Each structure stands twice: as structure tokens, then as C-alpha cells.
Amino acid sequence: MTALKEFVRLESPGIWRPHEGAQRRDVVVSFGKSTLVISDSAGRILSHWSLPAIERFAKSPGRYRPGPDSGEELELDEPLMIEAIAKLQAALTKTHTPNDQRRKRALWGLAAACVMALGLLVPEVLVRQGLSLAHPAIRSEISDKVLAELAQITGAPCTSFGGQNGLSALSTRLGTSPGASVFANITPDSLSLPDGRIVLSARVVEDVEQAEAAAGYLLAEAARQAQGDPFEPLLRQASLTARAQFLTKAELPQKTLAAYAESLLTQDARPVATDAMLAAFKEKKLLASPYAYAIDPTGETVLDLLESDAGRVTEPLIQDGQWVALQNICGS
């Protein structure tokens, strides 16, 4: 969107209140993908607001809240940021004609009415219908919020410029999630956000010698996604009330997203069949042994992966400089 490109690097100081009665604090305000991002001075994301839903209130032109029923408030004094918010909201609104908006509201309302009637008796229906209505933009917005909750728990993701380029090169080469990120302090080797973006633990790139090993973790997580929609676990964990809210408003309560983020950090990864991993390495023309030794240094439980490399020669996965930068993505 042209308007977003114009303001994509714009930042402004602001004063934010997380809920009614809370102490106000200084924050930094910037733009995400159709969202307003509120961060602290250290760069930790505190909140995401959907730009189309933001409303101005009171007499001040720079006082905002994410919706009419929210206790969150944001106050801005920077005229350029105030102008940018207004311009982006107008641009986002123009992408949907009144007829489109009415049609979407009608479809959501009809779906909600039909499903709510069954939902009290058959909660499974709420999950299945929620998945069918979760289009990519909604999945992306909810995943941004889950990512922010992960950052609240473990600290912000690693963001060194060279490391991000290396991660992007690796993801592109493998054809996996282009928006992958690395966290320094998470327990699982990898996990999936509801929109399919992959999150890696820093040790997956720091504690291995070859890029093929890190590639194996990305391929394993992609294989898990192939076993089921990554949005589904979130809906299944959500309460009946939260599922109903998703059907009627296309959003989930913040407490639901916070609880899901916590569960992602403590759950055991689903096993991936050896045949599926062998097929993935073969399709991507990669050696499996670096990954095999990363998950079992003795090699005893990964013989099939090791034997699959016999006589195979592959081209470098990414450039050496990109791999070194990726290994240091969480460095200073």
C-alpha cells in the first residue's frame, strides 16, 4: 500500500496507558502491517492496535484508543504521526468499498448466527467454522499479537540486520515461512505462529556448525504444519466465549492470546516421521546428516537420516557470510 510505504519508518514518542487505572508510561509508536505498534524504549513490543479500528476520542486530536470498549489509551503530540494515522486509516478504508464491508458484515453475522446455534451443543463446530473464516490478514494480525506476547515473556526477538538477511536467505532457499524469527530465550527448538510463521530458538543456529542443521529444524516445523492448520491449536485452546467472539468480531481476547503464547513455550513438539524428513531433505536437495547429528550426536537414533546421505553431494545452502551472520543474529 502506497500510504504505508510513505510512513513505514516513521516513529514518534507517545504516552500509553495499558488499561483503565494503570500508570501512564512513555512509549515509542511506529507502524506495522496495518497495525500501530507500541514499544518501550528498549524496543520491546507492548501492544498492537489494528489501524482500521483505532478511534480518536475526547477533544484532543492526539488521544486514541484501539476500540470503543478498550481501556487502553495513547496520547500523541507529534503532528506528522497524527496525520499519518489519519491518512493510513483512510487508505485502509478505501481498500474496502461500502458494499464489500456490508457483505463481509453480513457473512460474518450469518455465519455466527448459524454456528452459535450449534456451538453450545457442538463446540467442534466453532473450531471448524473459525478456521474457514480465518483469512490471511486476520491470521497475520493475530500472529503479530501472539509474537508480542512471546516477547513480553522471553524478551524481544533477535534483530541484527545481517542475521535477519541470513535467516531470510535460508527461508527463501527452503521455501518455508519468509517471516521467520529467532528468540534467544525460548525452550522449544522451533514453534509455529497461527499464520504459519516459524520461530526458532537461538541455539538452533548458534550451537551447530552447518546451515543444513538449522535448515532441518525449519523443515521439521514445516512438516508439522503440513500435519494440521497452525491456527487450529489456538482456537482449540480458546474458551467457548473466545471462539464465539472470533466468529462475531474476527478477533480473540488478549488473555486468550497471552495464554496461548505461554503454552507455545512449554509444549512438547509433535514428532515428525522419518519418512517425511527424508522426503523433505531429498526435495530440497540437502544433506540430512548435519541435522541428524544436531538432534542426536551419537547418531544411534537417526541412522536412516545418516544413511540417506551416502554418495550425495549438494551445493552450498547459503553463502558463508550469510551463515556466519545468522549464527550471530542474537549477538550485540
# chains A, B, ... in the order shown; residues from 1 in each chain; ligands from 1

$ select_by_dssp --residues "range 93-325 of chain A" --states "helix (DSSP H, G or I)" --output "PyMOL selection string"
chain A and resi 93-94+98-119+123-133+136-154+161-174+203-206+211-227+232-237+240-249+254-266+274-284+289-295+303-307+320-325

$ select_by_dssp --residues "range 4-61 of chain A" --states "strand (DSSP E or B)" --output "ChimeraX atom specification"
/A:12-17,25-31,35-39,45-50,55-56

$ write_last_selection --atoms "N, CA and C atoms" --output "mmCIF file, in the first residue's frame"
data_model
loop_
_atom_site.group_PDB
_atom_site.id
_atom_site.type_symbol
_atom_site.label_atom_id
_atom_site.label_comp_id
_atom_site.auth_asym_id
_atom_site.auth_seq_id
_atom_site.Cartn_x
_atom_site.Cartn_y
_atom_site.Cartn_z
ATOM 1 N N SER A 12 7.398 7.883 16.629
ATOM 2 C CA SER A 12 7.035 9.058 17.398
ATOM 3 C C SER A 12 6.947 8.682 18.868
ATOM 4 N N PRO A 13 7.342 9.590 19.761
ATOM 5 C CA PRO A 13 7.122 9.323 21.189
ATOM 6 C C PRO A 13 5.647 9.457 21.518
ATOM 7 N N GLY A 14 5.225 8.789 22.542
ATOM 8 C CA GLY A 14 3.842 8.868 22.973
ATOM 9 C C GLY A 14 3.720 8.505 24.442
ATOM 10 N N ILE A 15 2.530 8.673 24.976
ATOM 11 C CA ILE A 15 2.233 8.284 26.361
ATOM 12 C C ILE A 15 1.104 7.267 26.322
ATOM 13 N N TRP A 16 1.341 6.101 26.916
ATOM 14 C CA TRP A 16 0.427 4.957 26.775
ATOM 15 C C TRP A 16 -0.059 4.493 28.131
ATOM 16 N N ARG A 17 -1.326 4.125 28.193
ATOM 17 C CA ARG A 17 -1.904 3.517 29.392
ATOM 18 C C ARG A 17 -2.462 2.159 29.003
ATOM 19 N N ARG A 25 2.820 5.599 30.782
ATOM 20 C CA ARG A 25 4.255 5.445 30.579
ATOM 21 C C ARG A 25 4.657 5.951 29.202
ATOM 22 N N ASP A 26 5.913 6.357 29.104
ATOM 23 C CA ASP A 26 6.443 6.812 27.819
ATOM 24 C C ASP A 26 6.703 5.624 26.898
ATOM 25 N N VAL A 27 6.331 5.771 25.635
ATOM 26 C CA VAL A 27 6.494 4.692 24.665
ATOM 27 C C VAL A 27 6.959 5.263 23.334
ATOM 28 N N VAL A 28 7.306 4.346 22.428
ATOM 29 C CA VAL A 28 7.644 4.696 21.056
ATOM 30 C C VAL A 28 6.581 4.092 20.144
ATOM 31 N N VAL A 29 6.049 4.876 19.241
ATOM 32 C CA VAL A 29 4.952 4.444 18.375
ATOM 33 C C VAL A 29 5.460 4.368 16.941
ATOM 34 N N SER A 30 5.151 3.243 16.270
ATOM 35 C CA SER A 30 5.558 3.051 14.876
ATOM 36 C C SER A 30 4.470 2.259 14.160
ATOM 37 N N PHE A 31 4.701 1.960 12.871
ATOM 38 C CA PHE A 31 3.697 1.255 12.082
ATOM 39 C C PHE A 31 4.153 -0.157 11.752
ATOM 40 N N THR A 35 -1.075 -2.166 11.303
ATOM 41 C CA THR A 35 -1.204 -2.019 12.748
ATOM 42 C C THR A 35 -0.372 -0.837 13.232
ATOM 43 N N LEU A 36 -0.742 -0.332 14.397
ATOM 44 C CA LEU A 36 0.061 0.643 15.117
ATOM 45 C C LEU A 36 0.793 -0.120 16.212
ATOM 46 N N VAL A 37 2.113 -0.011 16.233
ATOM 47 C CA VAL A 37 2.939 -0.788 17.156
ATOM 48 C C VAL A 37 3.413 0.122 18.289
ATOM 49 N N ILE A 38 3.163 -0.305 19.517
ATOM 50 C CA ILE A 38 3.557 0.463 20.700
ATOM 51 C C ILE A 38 4.663 -0.300 21.409
ATOM 52 N N SER A 39 5.837 0.322 21.570
ATOM 53 C CA SER A 39 7.007 -0.343 22.141
ATOM 54 C C SER A 39 7.588 0.500 23.265
ATOM 55 N N ILE A 45 7.941 -4.882 22.250
ATOM 56 C CA ILE A 45 6.591 -4.547 21.813
ATOM 57 C C ILE A 45 5.631 -4.707 22.989
ATOM 58 N N LEU A 46 4.858 -3.673 23.253
ATOM 59 C CA LEU A 46 3.899 -3.697 24.351
ATOM 60 C C LEU A 46 2.485 -3.964 23.870
ATOM 61 N N SER A 47 2.168 -3.510 22.670
ATOM 62 C CA SER A 47 0.799 -3.680 22.175
ATOM 63 C C SER A 47 0.753 -3.437 20.673
ATOM 64 N N HIS A 48 -0.199 -4.114 20.014
ATOM 65 C CA HIS A 48 -0.502 -3.882 18.595
ATOM 66 C C HIS A 48 -1.945 -3.392 18.503
ATOM 67 N N TRP A 49 -2.178 -2.324 17.760
ATOM 68 C CA TRP A 49 -3.536 -1.848 17.514
ATOM 69 C C TRP A 49 -3.838 -1.949 16.026
ATOM 70 N N SER A 50 -4.997 -2.470 15.700
ATOM 71 C CA SER A 50 -5.419 -2.529 14.302
ATOM 72 C C SER A 50 -5.762 -1.121 13.825
ATOM 73 N N GLU A 55 -9.689 4.587 17.180
ATOM 74 C CA GLU A 55 -10.560 5.753 17.162
ATOM 75 C C GLU A 55 -9.984 6.865 18.032
ATOM 76 N N ARG A 56 -10.217 8.087 17.593
ATOM 77 C CA ARG A 56 -9.791 9.244 18.348
ATOM 78 C C ARG A 56 -10.925 9.634 19.290
#

$ residues_around --residues "range 285-302 of chain A" --least-positions-apart "5" --cutoff "8 Å" --atoms "only C-alpha atoms" --output "number ranges by chain"
A: 208, 210, 212-217, 278, 308-309, 312-314, 317

$ closest_atom_pairs --of "range 134-226 of chain A" --to "range 245-257 of chain A" --cutoff "12 Å" --atoms "only C-alpha atoms" --output "Markdown table"
| residue | atom | partner | partner_atom | distance |
| --- | --- | --- | --- | --- |
| A:Ala134 | CA | A:Ala250 | CA | 7.6 |
| A:His135 | CA | A:Ala250 | CA | 9.6 |
| A:Pro136 | CA | A:Ala250 | CA | 11.8 |
| A:Ala137 | CA | A:Ala250 | CA | 10.4 |
| A:Ile138 | CA | A:Ala250 | CA | 7.1 |
| A:Arg139 | CA | A:Glu251 | CA | 9.6 |
| A:Ser140 | CA | A:Glu251 | CA | 11.5 |
| A:Glu141 | CA | A:Glu251 | CA | 9.1 |
| A:Ile142 | CA | A:Glu251 | CA | 7.5 |
| A:Ser143 | CA | A:Leu257 | CA | 9.0 |
| A:Asp144 | CA | A:Leu257 | CA | 10.3 |
| A:Lys145 | CA | A:Leu257 | CA | 7.2 |
| A:Val146 | CA | A:Leu257 | CA | 5.7 |
| A:Leu147 | CA | A:Leu257 | CA | 9.4 |
| A:Ala148 | CA | A:Leu257 | CA | 9.6 |
| A:Glu149 | CA | A:Leu257 | CA | 7.3 |
| A:Leu150 | CA | A:Leu257 | CA | 9.6 |
| A:Gln152 | CA | A:Leu257 | CA | 11.9 |
| A:Leu193 | CA | A:Leu257 | CA | 11.0 |
| A:Pro194 | CA | A:Leu257 | CA | 10.5 |

$ atom_distance --atom1 "CA of Phe231 in chain A" --atom2 "CA of Asp195 in chain A"
6.4 Å

$ atom_distance --atom1 "CA of Asp207 in chain A" --atom2 "CA of Ala273 in chain A"
23.9 Å

$ closest_residue --among "A:Leu191, A:Leu240, A:Ile153, A:Glu307" --to "Glu262 in chain A" --atoms "only C-alpha atoms"
A:Ile153

$ decode --residues "range 45-59 of chain A" --atoms "all heavy atoms" --output "JSON list (two decimals), in the first residue's frame"
[["chain", "number", "residue", "atom", "x", "y", "z"],
["A", 45, "ILE", "N", 7.94, -4.88, 22.25],
["A", 45, "ILE", "CA", 6.59, -4.55, 21.81],
["A", 45, "ILE", "C", 5.63, -4.71, 22.99],
["A", 45, "ILE", "O", 5.58, -5.76, 23.63],
["A", 45, "ILE", "CB", 6.17, -5.43, 20.64],
["A", 45, "ILE", "CG1", 7.08, -5.16, 19.43],
["A", 45, "ILE", "CG2", 4.72, -5.17, 20.26],
["A", 45, "ILE", "CD1", 6.84, -6.08, 18.26],
["A", 46, "LEU", "N", 4.86, -3.67, 23.25],
["A", 46, "LEU", "CA", 3.90, -3.70, 24.35],
["A", 46, "LEU", "C", 2.49, -3.96, 23.87],
["A", 46, "LEU", "O", 1.70, -4.59, 24.57],
["A", 46, "LEU", "CB", 3.93, -2.35, 25.09],
["A", 46, "LEU", "CG", 5.29, -1.91, 25.67],
["A", 46, "LEU", "CD1", 5.19, -0.51, 26.23],
["A", 46, "LEU", "CD2", 5.73, -2.90, 26.75],
["A", 47, "SER", "N", 2.17, -3.51, 22.67],
["A", 47, "SER", "CA", 0.80, -3.68, 22.17],
["A", 47, "SER", "C", 0.75, -3.44, 20.67],
["A", 47, "SER", "O", 1.59, -2.71, 20.13],
["A", 47, "SER", "CB", -0.14, -2.70, 22.89],
["A", 47, "SER", "OG", -1.49, -2.94, 22.55],
["A", 48, "HIS", "N", -0.20, -4.11, 20.01],
["A", 48, "HIS", "CA", -0.50, -3.88, 18.59],
["A", 48, "HIS", "C", -1.95, -3.39, 18.50],
["A", 48, "HIS", "O", -2.85, -3.99, 19.09],
["A", 48, "HIS", "CB", -0.39, -5.19, 17.79],
["A", 48, "HIS", "CG", 0.99, -5.54, 17.38],
["A", 48, "HIS", "ND1", 1.87, -6.21, 18.20],
["A", 48, "HIS", "CD2", 1.66, -5.32, 16.22],
["A", 48, "HIS", "CE1", 3.00, -6.40, 17.57],
["A", 48, "HIS", "NE2", 2.91, -5.88, 16.38],
["A", 49, "TRP", "N", -2.18, -2.32, 17.76],
["A", 49, "TRP", "CA", -3.54, -1.85, 17.51],
["A", 49, "TRP", "C", -3.84, -1.95, 16.03],
["A", 49, "TRP", "O", -3.03, -1.56, 15.19],
["A", 49, "TRP", "CB", -3.69, -0.39, 17.94],
["A", 49, "TRP", "CG", -3.64, -0.15, 19.42],
["A", 49, "TRP", "CD1", -3.32, -1.04, 20.40],
["A", 49, "TRP", "CD2", -3.89, 1.09, 20.08],
["A", 49, "TRP", "NE1", -3.36, -0.44, 21.62],
["A", 49, "TRP", "CE2", -3.71, 0.87, 21.47],
["A", 49, "TRP", "CE3", -4.25, 2.37, 19.65],
["A", 49, "TRP", "CZ2", -3.88, 1.89, 22.41],
["A", 49, "TRP", "CZ3", -4.42, 3.38, 20.59],
["A", 49, "TRP", "CH2", -4.24, 3.13, 21.96],
["A", 50, "SER", "N", -5.00, -2.47, 15.70],
["A", 50, "SER", "CA", -5.42, -2.53, 14.30],
["A", 50, "SER", "C", -5.76, -1.12, 13.82],
["A", 50, "SER", "O", -6.61, -0.44, 14.41],
["A", 50, "SER", "CB", -6.63, -3.44, 14.17],
["A", 50, "SER", "OG", -7.18, -3.37, 12.87],
["A", 51, "LEU", "N", -5.10, -0.67, 12.76],
["A", 51, "LEU", "CA", -5.30, 0.70, 12.28],
["A", 51, "LEU", "C", -6.77, 1.01, 11.93],
["A", 51, "LEU", "O", -7.28, 2.07, 12.30],
["A", 51, "LEU", "CB", -4.40, 0.98, 11.07],
["A", 51, "LEU", "CG", -2.96, 1.39, 11.40],
["A", 51, "LEU", "CD1", -2.11, 1.39, 10.14],
["A", 51, "LEU", "CD2", -2.94, 2.77, 12.04],
["A", 52, "PRO", "N", -7.47, 0.11, 11.23],
["A", 52, "PRO", "CA", -8.86, 0.45, 10.88],
["A", 52, "PRO", "C", -9.76, 0.63, 12.11],
["A", 52, "PRO", "O", -10.75, 1.33, 12.05],
["A", 52, "PRO", "CB", -9.31, -0.75, 10.04],
["A", 52, "PRO", "CG", -8.05, -1.34, 9.51],
["A", 52, "PRO", "CD", -7.04, -1.14, 10.59],
["A", 53, "ALA", "N", -9.39, -0.02, 13.24],
["A", 53, "ALA", "CA", -10.26, 0.02, 14.42],
["A", 53, "ALA", "C", -9.94, 1.16, 15.37],
["A", 53, "ALA", "O", -10.74, 1.49, 16.24],
["A", 53, "ALA", "CB", -10.15, -1.32, 15.17],
["A", 54, "ILE", "N", -8.77, 1.79, 15.21],
["A", 54, "ILE", "CA", -8.37, 2.86, 16.12],
["A", 54, "ILE", "C", -9.34, 4.04, 16.02],
["A", 54, "ILE", "O", -9.77, 4.42, 14.95],
["A", 54, "ILE", "CB", -6.94, 3.35, 15.79],
["A", 54, "ILE", "CG1", -5.93, 2.24, 16.09],
["A", 54, "ILE", "CG2", -6.59, 4.60, 16.60],
["A", 54, "ILE", "CD1", -4.52, 2.59, 15.66],
["A", 55, "GLU", "N", -9.69, 4.59, 17.18],
["A", 55, "GLU", "CA", -10.56, 5.75, 17.16],
["A", 55, "GLU", "C", -9.98, 6.86, 18.03],
["A", 55, "GLU", "O", -9.33, 6.61, 19.04],
["A", 55, "GLU", "CB", -11.97, 5.40, 17.62],
["A", 55, "GLU", "CG", -12.07, 4.92, 19.05],
["A", 55, "GLU", "CD", -13.52, 4.70, 19.47],
["A", 55, "GLU", "OE1", -14.35, 4.39, 18.60],
["A", 55, "GLU", "OE2", -13.81, 4.84, 20.66],
["A", 56, "ARG", "N", -10.22, 8.09, 17.59],
["A", 56, "ARG", "CA", -9.79, 9.24, 18.35],
["A", 56, "ARG", "C", -10.93, 9.63, 19.29],
["A", 56, "ARG", "O", -12.10, 9.53, 18.93],
["A", 56, "ARG", "CB", -9.49, 10.40, 17.38],
["A", 56, "ARG", "CG", -8.30, 11.24, 17.78],
["A", 56, "ARG", "CD", -7.76, 12.03, 16.65],
["A", 56, "ARG", "NE", -8.76, 12.79, 15.89],
["A", 56, "ARG", "CZ", -8.46, 13.59, 14.90],
["A", 56, "ARG", "NH1", -7.21, 13.73, 14.53],
["A", 56, "ARG", "NH2", -9.39, 14.24, 14.25],
["A", 57, "PHE", "N", -10.62, 10.07, 20.51],
["A", 57, "PHE", "CA", -11.69, 10.43, 21.43],
["A", 57, "PHE", "C", -11.27, 11.66, 22.23],
["A", 57, "PHE", "O", -10.13, 12.12, 22.16],
["A", 57, "PHE", "CB", -12.04, 9.26, 22.34],
["A", 57, "PHE", "CG", -11.00, 8.93, 23.37],
["A", 57, "PHE", "CD1", -11.16, 9.30, 24.69],
["A", 57, "PHE", "CD2", -9.84, 8.26, 23.01],
["A", 57, "PHE", "CE1", -10.20, 9.00, 25.63],
["A", 57, "PHE", "CE2", -8.88, 7.96, 23.95],
["A", 57, "PHE", "CZ", -9.06, 8.33, 25.27],
["A", 58, "ALA", "N", -12.22, 12.18, 23.02],
["A", 58, "ALA", "CA", -12.02, 13.41, 23.77],
["A", 58, "ALA", "C", -11.80, 14.57, 22.79],
["A", 58, "ALA", "O", -11.97, 14.44, 21.59],
["A", 58, "ALA", "CB", -10.86, 13.28, 24.76],
["A", 59, "LYS", "N", -11.39, 15.69, 23.31],
["A", 59, "LYS", "CA", -11.23, 16.87, 22.46],
["A", 59, "LYS", "C", -9.85, 16.95, 21.83],
["A", 59, "LYS", "O", -9.65, 17.62, 20.83],
["A", 59, "LYS", "CB", -11.50, 18.14, 23.27],
["A", 59, "LYS", "CG", -12.95, 18.26, 23.74],
["A", 59, "LYS", "CD", -13.16, 19.57, 24.49],
["A", 59, "LYS", "CE", -14.61, 19.69, 24.94],
["A", 59, "LYS", "NZ", -14.85, 20.97, 25.69]]
